[in-house]
file query_15.tsv (TSV, N, CA and C atoms)
chain	number	residue	atom	x	y	z
A	539	MET	N	-35.05	8.53	3.63
A	539	MET	CA	-35.31	9.79	2.98
A	539	MET	C	-34.87	9.69	1.52
A	540	TYR	N	-35.72	10.13	0.65
A	540	TYR	CA	-35.43	10.09	-0.77
A	540	TYR	C	-34.75	11.39	-1.20
A	541	THR	N	-33.62	11.25	-1.89
A	541	THR	CA	-32.97	12.43	-2.48
A	541	THR	C	-32.78	12.16	-3.96
A	542	PRO	N	-33.05	13.14	-4.78
A	542	PRO	CA	-32.89	12.95	-6.22
A	542	PRO	C	-31.42	12.73	-6.58
A	543	GLU	N	-31.19	12.15	-7.75
A	543	GLU	CA	-29.83	11.85	-8.21
A	543	GLU	C	-28.99	13.10	-8.36
A	544	ASN	N	-29.60	14.20	-8.68
A	544	ASN	CA	-28.85	15.44	-8.87
A	544	ASN	C	-28.95	16.34	-7.64
A	545	ALA	N	-29.01	15.76	-6.48
A	545	ALA	CA	-29.17	16.53	-5.24
A	545	ALA	C	-28.00	17.48	-5.01
A	546	TYR	N	-26.86	17.12	-5.51
A	546	TYR	CA	-25.69	18.00	-5.32
A	546	TYR	C	-25.90	19.35	-6.00
A	547	ALA	N	-26.78	19.40	-6.98
A	547	ALA	CA	-27.01	20.64	-7.72
A	547	ALA	C	-27.98	21.57	-6.99
A	548	ILE	N	-28.65	21.07	-5.98
A	548	ILE	CA	-29.65	21.87	-5.28
A	548	ILE	C	-28.99	22.96	-4.45
A	549	GLY	N	-27.93	22.62	-3.74
A	549	GLY	CA	-27.29	23.64	-2.92
A	549	GLY	C	-26.22	23.04	-2.04
A	550	PRO	N	-25.53	23.91	-1.32
A	550	PRO	CA	-24.40	23.45	-0.51
A	550	PRO	C	-24.82	22.61	0.70
A	551	GLY	N	-26.08	22.63	1.05
A	551	GLY	CA	-26.53	21.86	2.19
A	551	GLY	C	-26.37	20.36	1.99
A	552	LEU	N	-26.36	19.91	0.77
A	552	LEU	CA	-26.25	18.49	0.49
A	552	LEU	C	-24.85	18.13	-0.02
A	553	HIS	N	-23.93	19.04	0.11
A	553	HIS	CA	-22.55	18.79	-0.35
A	553	HIS	C	-21.89	17.75	0.56
A	554	ASP	N	-21.22	16.79	-0.03
A	554	ASP	CA	-20.58	15.71	0.73
A	554	ASP	C	-19.17	16.14	1.15
A	555	GLU	N	-19.08	16.76	2.31
A	555	GLU	CA	-17.80	17.28	2.78
A	555	GLU	C	-16.85	16.16	3.19
A	556	GLU	N	-17.38	15.07	3.72
A	556	GLU	CA	-16.52	13.95	4.11
A	556	GLU	C	-15.85	13.34	2.89
A	557	ARG	N	-16.60	13.19	1.82
A	557	ARG	CA	-16.04	12.64	0.59
A	557	ARG	C	-14.97	13.57	0.01
A	558	GLU	N	-15.23	14.84	0.05
A	558	GLU	CA	-14.26	15.82	-0.45
A	558	GLU	C	-12.98	15.79	0.39
A	559	ALA	N	-13.11	15.69	1.71
A	559	ALA	CA	-11.95	15.63	2.58
A	559	ALA	C	-11.15	14.36	2.30
A	560	TYR	N	-11.86	13.24	2.09
A	560	TYR	CA	-11.18	11.98	1.78
A	560	TYR	C	-10.42	12.09	0.46
A	561	GLU	N	-11.04	12.69	-0.54
A	561	GLU	CA	-10.39	12.84	-1.84
A	561	GLU	C	-9.17	13.75	-1.74
A	562	LEU	N	-9.24	14.81	-0.95
A	562	LEU	CA	-8.08	15.69	-0.75
A	562	LEU	C	-6.95	14.95	-0.05
A	563	GLN	N	-7.29	14.11	0.94
A	563	GLN	CA	-6.27	13.30	1.61
A	563	GLN	C	-5.63	12.32	0.64
A	564	GLU	N	-6.44	11.74	-0.23
A	564	GLU	CA	-5.93	10.80	-1.22
A	564	GLU	C	-4.99	11.49	-2.21
A	565	ILE	N	-5.34	12.69	-2.62
A	565	ILE	CA	-4.48	13.46	-3.52
A	565	ILE	C	-3.16	13.78	-2.83
A	566	GLU	N	-3.22	14.21	-1.57
A	566	GLU	CA	-2.00	14.52	-0.82
A	566	GLU	C	-1.14	13.28	-0.64
A	567	ARG	N	-1.76	12.14	-0.38
A	567	ARG	CA	-1.03	10.88	-0.21
A	567	ARG	C	-0.33	10.49	-1.52
A	568	ASP	N	-1.03	10.66	-2.63
A	568	ASP	CA	-0.43	10.35	-3.93
A	568	ASP	C	0.76	11.27	-4.22
A	569	LYS	N	0.60	12.56	-3.91
A	569	LYS	CA	1.70	13.51	-4.11
A	569	LYS	C	2.91	13.14	-3.25
A	570	ARG	N	2.64	12.77	-2.00
A	570	ARG	CA	3.72	12.40	-1.09
A	570	ARG	C	4.43	11.13	-1.58
A	571	GLU	N	3.67	10.14	-2.02
A	571	GLU	CA	4.28	8.91	-2.54
A	571	GLU	C	5.12	9.19	-3.78
A	572	GLU	N	4.63	10.04	-4.65
A	572	GLU	CA	5.39	10.39	-5.85
A	572	GLU	C	6.67	11.15	-5.50
A	573	ALA	N	6.57	12.03	-4.52
A	573	ALA	CA	7.76	12.77	-4.08
A	573	ALA	C	8.79	11.83	-3.46
A	574	ILE	N	8.32	10.85	-2.68
A	574	ILE	CA	9.23	9.87	-2.08
A	574	ILE	C	9.92	9.05	-3.16
A	575	LYS	N	9.15	8.60	-4.16
A	575	LYS	CA	9.74	7.80	-5.24
A	575	LYS	C	10.79	8.60	-6.00
A	576	LYS	N	10.48	9.85	-6.29
A	576	LYS	CA	11.43	10.70	-7.00
A	576	LYS	C	12.69	10.93	-6.17
A	577	ASP	N	12.50	11.23	-4.90
A	577	ASP	CA	13.62	11.46	-4.00
A	577	ASP	C	14.46	10.19	-3.85
A	578	PHE	N	13.82	9.03	-3.75
A	578	PHE	CA	14.52	7.76	-3.63
A	578	PHE	C	15.34	7.47	-4.89
A	579	TYR	N	14.77	7.77	-6.03
A	579	TYR	CA	15.48	7.59	-7.30
A	579	TYR	C	16.79	8.38	-7.29
A	580	TRP	N	16.70	9.64	-6.89
A	580	TRP	CA	17.90	10.47	-6.86
A	580	TRP	C	18.85	10.04	-5.76
A	581	TRP	N	18.31	9.55	-4.65
A	581	TRP	CA	19.17	9.03	-3.58
A	581	TRP	C	20.00	7.86	-4.08
A	582	LYS	N	19.36	6.94	-4.84
A	582	LYS	CA	20.08	5.79	-5.38
A	582	LYS	C	21.22	6.23	-6.29
A	583	ILE	N	20.96	7.19	-7.16
A	583	ILE	CA	21.99	7.67	-8.08
A	583	ILE	C	23.13	8.32	-7.30
A	584	ASN	N	22.80	9.19	-6.37
A	584	ASN	CA	23.84	9.88	-5.59
A	584	ASN	C	24.61	8.91	-4.70
A	585	THR	N	23.93	7.93	-4.14
A	585	THR	CA	24.61	6.96	-3.29
A	585	THR	C	25.59	6.13	-4.10
A	586	TYR	N	25.19	5.76	-5.30
A	586	TYR	CA	26.09	4.99	-6.15
A	586	TYR	C	27.34	5.82	-6.47
A	587	CYS	N	27.15	7.10	-6.72
A	587	CYS	CA	28.30	7.97	-7.02
A	587	CYS	C	29.19	8.16	-5.79
A	588	ASP	N	28.59	8.18	-4.60
A	588	ASP	CA	29.34	8.42	-3.36
A	588	ASP	C	29.73	7.14	-2.65
A	589	ARG	N	29.61	6.00	-3.30
A	589	ARG	CA	29.81	4.71	-2.62
A	589	ARG	C	31.22	4.53	-2.07
A	590	ASN	N	32.21	5.25	-2.57
A	590	ASN	CA	33.58	5.11	-2.09
A	590	ASN	C	33.95	6.15	-1.03
A	591	LYS	N	33.06	7.11	-0.80
A	591	LYS	CA	33.30	8.13	0.22
A	591	LYS	C	32.80	7.63	1.57
A	592	ASP	N	33.38	8.16	2.65
A	592	ASP	CA	32.95	7.74	3.99
A	592	ASP	C	31.49	8.08	4.25
A	593	SER	N	31.06	9.27	3.82
A	593	SER	CA	29.67	9.66	4.04
A	593	SER	C	28.72	8.75	3.26
A	594	GLY	N	29.10	8.39	2.05
A	594	GLY	CA	28.29	7.49	1.23
A	594	GLY	C	28.21	6.10	1.84
A	595	LYS	N	29.34	5.61	2.33
A	595	LYS	CA	29.35	4.29	2.97
A	595	LYS	C	28.47	4.28	4.21
A	596	LYS	N	28.52	5.36	4.98
A	596	LYS	CA	27.71	5.45	6.20
A	596	LYS	C	26.22	5.46	5.85
A	597	ASP	N	25.85	6.23	4.83
A	597	ASP	CA	24.46	6.31	4.41
A	597	ASP	C	23.96	4.96	3.90
A	598	ILE	N	24.76	4.30	3.09
A	598	ILE	CA	24.40	2.97	2.58
A	598	ILE	C	24.23	1.99	3.73
A	599	ASP	N	25.15	2.03	4.68
A	599	ASP	CA	25.09	1.13	5.82
A	599	ASP	C	23.82	1.34	6.63
A	600	GLU	N	23.46	2.59	6.88
A	600	GLU	CA	22.25	2.88	7.65
A	600	GLU	C	20.99	2.38	6.95
A	601	LYS	N	20.89	2.68	5.65
A	601	LYS	CA	19.68	2.28	4.91
A	601	LYS	C	19.58	0.75	4.77
A	602	MET	N	20.72	0.10	4.49
A	602	MET	CA	20.69	-1.35	4.34
A	602	MET	C	20.40	-2.03	5.68
A	603	ASN	N	20.94	-1.51	6.78
A	603	ASN	CA	20.62	-2.07	8.10
A	603	ASN	C	19.14	-1.98	8.38
A	604	SER	N	18.57	-0.83	8.09
A	604	SER	CA	17.14	-0.64	8.30
A	604	SER	C	16.31	-1.59	7.42
A	605	ALA	N	16.69	-1.70	6.15
A	605	ALA	CA	15.96	-2.57	5.22
A	605	ALA	C	16.08	-4.04	5.64
A	606	LEU	N	17.29	-4.47	5.99
A	606	LEU	CA	17.47	-5.87	6.39
A	606	LEU	C	16.79	-6.17	7.73
A	607	ASP	N	16.76	-5.19	8.64
A	607	ASP	CA	16.02	-5.38	9.88
A	607	ASP	C	14.54	-5.60	9.59
A	608	SER	N	14.01	-4.84	8.63
A	608	SER	CA	12.60	-5.00	8.25
A	608	SER	C	12.35	-6.39	7.66
A	609	ILE	N	13.29	-6.86	6.86
A	609	ILE	CA	13.14	-8.18	6.25
A	609	ILE	C	13.17	-9.27	7.32
A	610	PHE	N	14.14	-9.21	8.20
A	610	PHE	CA	14.32	-10.28	9.17
A	610	PHE	C	13.40	-10.19	10.38
A	611	ASP	N	12.64	-9.11	10.50
A	611	ASP	CA	11.62	-9.03	11.55
A	611	ASP	C	10.41	-9.89	11.20
A	612	ASN	N	10.22	-10.18	9.94
A	612	ASN	CA	9.09	-10.96	9.47
A	612	ASN	C	9.62	-12.33	9.00
A	613	ASP	N	9.20	-13.40	9.66
A	613	ASP	CA	9.69	-14.74	9.32
A	613	ASP	C	9.42	-15.12	7.88
A	614	LYS	N	8.23	-14.81	7.39
A	614	LYS	CA	7.87	-15.17	6.01
A	614	LYS	C	8.79	-14.46	5.02
A	615	GLU	N	9.04	-13.18	5.24
A	615	GLU	CA	9.92	-12.42	4.35
A	615	GLU	C	11.37	-12.87	4.48
A	616	ALA	N	11.78	-13.24	5.69
A	616	ALA	CA	13.15	-13.73	5.89
A	616	ALA	C	13.37	-15.03	5.11
A	617	LYS	N	12.38	-15.93	5.15
A	617	LYS	CA	12.49	-17.17	4.39
A	617	LYS	C	12.56	-16.88	2.89
A	618	LYS	N	11.73	-15.95	2.45
A	618	LYS	CA	11.73	-15.59	1.03
A	618	LYS	C	13.09	-15.01	0.62
A	619	PHE	N	13.67	-14.17	1.48
A	619	PHE	CA	14.97	-13.56	1.20
A	619	PHE	C	16.06	-14.63	1.12
A	620	ARG	N	16.06	-15.56	2.07
A	620	ARG	CA	17.06	-16.64	2.06
A	620	ARG	C	16.92	-17.49	0.80
A	621	HIS	N	15.68	-17.78	0.43
A	621	HIS	CA	15.41	-18.57	-0.78
A	621	HIS	C	15.94	-17.84	-2.02
A	622	LEU	N	15.68	-16.54	-2.10
A	622	LEU	CA	16.17	-15.76	-3.24
A	622	LEU	C	17.69	-15.71	-3.27
A	623	LEU	N	18.32	-15.65	-2.10
A	623	LEU	CA	19.79	-15.65	-2.05
A	623	LEU	C	20.36	-16.95	-2.61
A	624	VAL	N	19.74	-18.07	-2.26
A	624	VAL	CA	20.20	-19.36	-2.77
A	624	VAL	C	20.00	-19.43	-4.28
A	625	LEU	N	18.84	-18.99	-4.75
A	625	LEU	CA	18.59	-18.99	-6.19
A	625	LEU	C	19.55	-18.06	-6.92
A	626	PHE	N	19.84	-16.92	-6.33
A	626	PHE	CA	20.78	-15.96	-6.93
A	626	PHE	C	22.17	-16.56	-7.01
A	627	GLN	N	22.57	-17.27	-5.96
A	627	GLN	CA	23.88	-17.90	-5.93
A	627	GLN	C	23.97	-19.02	-6.96
A	628	ALA	N	22.86	-19.73	-7.16
A	628	ALA	CA	22.86	-20.87	-8.07
A	628	ALA	C	22.85	-20.45	-9.54
A	629	SER	N	22.18	-19.36	-9.87
A	629	SER	CA	22.13	-18.92	-11.27
A	629	SER	C	21.89	-17.43	-11.34
A	630	ASP	N	22.19	-16.86	-12.47
A	630	ASP	CA	22.00	-15.42	-12.67
A	630	ASP	C	20.56	-15.08	-13.06
A	631	ASP	N	19.74	-16.08	-13.26
A	631	ASP	CA	18.36	-15.85	-13.69
A	631	ASP	C	17.53	-15.12	-12.64
A	632	HIS	N	17.92	-15.22	-11.39
A	632	HIS	CA	17.11	-14.67	-10.30
A	632	HIS	C	17.67	-13.37	-9.75
A	633	ALA	N	18.61	-12.78	-10.44
A	633	ALA	CA	19.21	-11.53	-9.96
A	633	ALA	C	18.18	-10.41	-9.90
A	634	SER	N	17.32	-10.32	-10.90
A	634	SER	CA	16.33	-9.23	-10.90
A	634	SER	C	15.31	-9.41	-9.78
A	635	ALA	N	14.94	-10.64	-9.48
A	635	ALA	CA	13.98	-10.89	-8.39
A	635	ALA	C	14.58	-10.46	-7.05
A	636	LEU	N	15.84	-10.80	-6.83
A	636	LEU	CA	16.51	-10.41	-5.59
A	636	LEU	C	16.67	-8.89	-5.54
A	637	ARG	N	17.02	-8.30	-6.66
A	637	ARG	CA	17.20	-6.84	-6.73
A	637	ARG	C	15.88	-6.13	-6.40
A	638	GLU	N	14.77	-6.61	-6.97
A	638	GLU	CA	13.47	-6.00	-6.71
A	638	GLU	C	13.04	-6.17	-5.25
A	639	PHE	N	13.31	-7.36	-4.71
A	639	PHE	CA	12.96	-7.63	-3.32
A	639	PHE	C	13.69	-6.66	-2.39
A	640	ILE	N	14.98	-6.52	-2.58
A	640	ILE	CA	15.77	-5.62	-1.73
A	640	ILE	C	15.37	-4.16	-1.99
A	641	ALA	N	15.11	-3.82	-3.24
A	641	ALA	CA	14.72	-2.45	-3.56
A	641	ALA	C	13.42	-2.05	-2.88
A	642	ASN	N	12.48	-2.97	-2.77
A	642	ASN	CA	11.22	-2.68	-2.08
A	642	ASN	C	11.46	-2.34	-0.62
A	643	TYR	N	12.33	-3.09	0.03
A	643	TYR	CA	12.61	-2.83	1.43
A	643	TYR	C	13.47	-1.58	1.62
A	644	LEU	N	14.38	-1.33	0.69
A	644	LEU	CA	15.14	-0.08	0.74
A	644	LEU	C	14.21	1.11	0.58
A	645	MET	N	13.26	0.99	-0.34
A	645	MET	CA	12.31	2.06	-0.57
A	645	MET	C	11.46	2.31	0.68
A	646	SER	N	10.99	1.25	1.32
A	646	SER	CA	10.18	1.45	2.52
A	646	SER	C	11.02	2.02	3.66
A	647	SER	N	12.27	1.60	3.75
A	647	SER	CA	13.17	2.16	4.76
A	647	SER	C	13.40	3.64	4.50
A	648	TYR	N	13.62	3.98	3.24
A	648	TYR	CA	13.83	5.38	2.86
A	648	TYR	C	12.57	6.20	3.12
A	649	ALA	N	11.41	5.63	2.82
A	649	ALA	CA	10.14	6.33	3.01
A	649	ALA	C	9.88	6.59	4.50
A	650	MET	N	10.22	5.62	5.36
A	650	MET	CA	10.03	5.82	6.79
A	650	MET	C	10.88	6.99	7.27
A	651	GLU	N	12.13	7.04	6.82
A	651	GLU	CA	13.01	8.14	7.22
A	651	GLU	C	12.53	9.45	6.60
A	652	TRP	N	12.05	9.42	5.38
A	652	TRP	CA	11.58	10.61	4.69
A	652	TRP	C	10.35	11.18	5.40
A	653	ASN	N	9.46	10.29	5.82
A	653	ASN	CA	8.25	10.74	6.53
A	653	ASN	C	8.59	11.24	7.93
A	654	TYR	N	9.64	10.68	8.51
A	654	TYR	CA	10.05	11.08	9.85
A	654	TYR	C	10.60	12.50	9.84
A	655	ASP	N	11.33	12.83	8.77
A	655	ASP	CA	11.90	14.18	8.66
A	655	ASP	C	10.78	15.14	8.38

call {"tool": "encode", "arguments": {"input": "query_15.tsv", "output": "structure tokens"}}
result
Amino acid sequence: MYTPENAYAIGPGLHDEEREAYELQEIERDKREEAIKKDFYWWKINTYCDRNKDSGKKDIDEKMNSALDSIFDNDKEAKKFRHLLVLFQASDDHASALREFIANYLMSSYAMEWNYD
């Protein structure tokens, strides 16, 4: 069936509702990801401030356990983590790579808990 390029202008009968629903889902997903990133940013700041308190230590322990479990569940990622640890121990040049690697898993751990709530 041939439809003109400007078929959307003819009327609501040719409106692409599936595409609109997909775009709305994508917008909601982007908003949720941005909210998680913002919340994670503030969690990191508050956790650093509370690192000497019992509640802060407990929160750090829970998140790090979850992140490390995620790393060691995947053999490829576990090997990469061990390799980064050795490089970090050998020189300070790889500190940012290790920090980013752990931050990614902390973020995913935080996001899983955030989505669960």

call {"tool": "atom_distance", "arguments": {"input": "query_15.tsv", "atom1": "atom C of Asn603 of chain A", "atom2": "atom CA of Leu636 of chain A"}}
result
16.5 Å

call {"tool": "closest_residue", "arguments": {"input": "query_15.tsv", "among": "A:Tyr648, A:Tyr643, A:Tyr579, A:Phe626", "to": "Ser608 of chain A", "atoms": "all atoms listed in the file"}}
result
A:Tyr643

call {"tool": "atom_distance", "arguments": {"input": "query_15.tsv", "atom1": "atom N of Trp652 of chain A", "atom2": "atom N of Asp597 of chain A"}}
result
14.2 Å

call {"tool": "closest_residue", "arguments": {"input": "query_15.tsv", "among": "A:Leu606, A:Ala628, A:Lys614, A:His621", "to": "Leu644 of chain A", "atoms": "only N, CA and C atoms"}}
result
A:Leu606

call {"tool": "atom_distance", "arguments": {"input": "query_15.tsv", "atom1": "atom CA of Phe578 of chain A", "atom2": "atom N of Ser646 of chain A"}}
result
8.9 Å
